[in-house]
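Asks: Right, I'll just put the structure down here and ask away after.
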Amino acid sequence: MDTSPLCFSILLVLCIFIQSSAHGQSLKPEPFGRRAQAVETNKTLHEMKTRFLLFGETNQGCQIRINHPDTLQECGFNSSLPLVMIIHGWSESVQFSRSHVHLIGYSLGAHVSGFAGSSIGGTRKIGRITGLDAAGPLFEGSSPSNRLSPDDANFVDAIHTFTREHMGLSVGIKQPIGHYDFYPNGGSFQPGCHFLELYRHIAQHGFNAITQTIKCSHERSVHLFIDSLLHAGTQSMAYPCGDMNSFSQGLCLSCKKGHCNTLGYHVRQEPRSKSKRLFLVTRAQSPFKVYHYQFKIQFINQTETPIQTTFTMSLLGTKEKMQKIPITLGKGIASNKMYSFLITLDVDIGELIMIKFKWENSAVWANVWNTVQTIIPWSTGPRHSGLILKTIRVKAGETQQRMTFCSENTDDLLLRPTQEKIFVKCEIKSKTSKRKIR
């Protein structure tokens, strides 16, 4: 075949359908023989009618069959020639509404989808564009006409999963580019993608482990979207917030005026005049959904200096219970300071009915604590000082339920090292605690 620049192969693509991704399979290429055999032995209920035609000098539309690479040779494909891919749309004569079109683009493909949407003439836009960790380099900070933007479709949603900067650049774009922009785990990096996970990736991917580790966070956007299809009954809720630091303190779990939304395919499509940033926490693997809780506690410190310590909480719900969740409250516990923090659970425990709160210092520290307080002549207060915790306030993000928990033993509110106290539901009225066990 003539290899002059005027000769080239044209691949006519009528539609692209990523079947393996829709079924939650790995995005890496599979051995052709094994995949072809799987296709032949496992017939799908809906046979694909998409045709891929290769045009060249020696043929006028030779069909390339999915998962049959031998048809490339049969059709005379020449890899040394330039390749033009034509992705067909539709004809107005077909009576097909543009509002029914949903473009999904990953990385650079997200911006390509935006260009496709903005290039369509007429007054009616296409229905929806989803950007999966849209590419950052050369697009970060650019004008809306040079990247994916809310103007490209009736509704644009974006998932940001790898915006961490390296030498001033990030793989995924950080700025909002849609009507709703989702930032799972803050958007900069994803759980399970750290280089410490390299050994696990080696077991799964062999020599490709380093590549898999590097692209793990970037590709997570794809898997999160697929997860929303595979687990339609348990959608991941996201919450409006200014940044991940505020979200980690549990300060952003309010869904007033319908400001919250679900991540993925089943997002509530509400075009907005201004982009809304939504945050959420996810698991490291599918199913990615977690349940968000805000906890607010306030101690009365019986000592004059902040106490360096750690705590754990055990939660009992109507469905499940969670044991010993570690709690970190900064460098020291100060008196009368309100501490707010976020707790996420992998399972739905139902309605929270009881909390066990424990001061997790060792028995050795407890003996030192008591000995020091015995020797030092405290001027005021009890001889065995500690922390007083009267109430724990809780808000469940997914249900928006607010709850208050009071100490079960109102006669002894003092919390000491290694001691665990039980808190039950109560109602607070006019500074008076009324315990109501449910």
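The chains in the structure tokens are called A, B, ... from first to last as shown; in each chain the residues are counted from 1, and the ligands are counted from 1 in the order shown.
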Skip region 343-351 of chain A itself and residues of its chain fewer than 2 positions away, then list as a VMD selection string all residues within 6 Å of it, counting only C-alpha atoms.

Replies: chain A and resid 290 to 293 317 to 320

Asks: Go ahead and write the selection's residues with C-alpha atoms as a PDB file, in the first residue's frame.

Replies:
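What landed in out13.pdb:
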ATOM      1  CA  VAL A 290     -19.882   5.729  53.339  1.00  0.00           C
ATOM      2  CA  TYR A 291     -22.238   7.274  55.923  1.00  0.00           C
ATOM      3  CA  HIS A 292     -21.270  10.710  57.266  1.00  0.00           C
ATOM      4  CA  TYR A 293     -21.768  11.875  60.874  1.00  0.00           C
ATOM      5  CA  GLY A 317     -27.471   1.538  65.993  1.00  0.00           C
ATOM      6  CA  THR A 318     -30.753  -0.190  65.286  1.00  0.00           C
ATOM      7  CA  LYS A 319     -29.071  -2.249  62.523  1.00  0.00           C
ATOM      8  CA  GLU A 320     -25.381  -2.573  63.332  1.00  0.00           C
TER       9      GLU A 320
END

Asks: Let's see if you can do this: from backbone DSSP, list all helix (DSSP H, G or I) residues in region 91-176 of chain A, as a PyMOL selection string.

Replies: chain A and resi 92-94+98-100+108-119+144-146+150-152

Asks: Interatomic distance between CA of Val171 (chain A) and CA of Pro137 (chain A)?

Replies: 6.6 Å

Asks: Which residues of region 42-121 of chain A come within 7 Å of region 151-167 of chain A, and what is each one's closest atom pair and distance in Å (one decimal), counting only C-alpha atoms, sorted by chain and residue number, as a Markdown table?

Replies:
| residue | atom | partner | partner_atom | distance |
| --- | --- | --- | --- | --- |
| A:Gly114 | CA | A:Asp152 | CA | 5.5 |
| A:Gly117 | CA | A:Asp152 | CA | 4.9 |
| A:Ser118 | CA | A:Asp152 | CA | 4.8 |

Asks: Write down as an MDAnalysis selection string the residues belonging to region 243-434 of chain A that are assigned strand (DSSP E or B) by DSSP computed on the backbone.

Replies: chainID A and resid 261:262 276:280 291:301 307 311:317 321:327 333 338:345 352:359 387:396 402:407 414:415 420:429 432:434

Asks: Work out how far apart CA of Tyr106 (chain A) and CA of Val222 (chain A) are and give it in Å to one decimal.

Replies: 7.2 Å
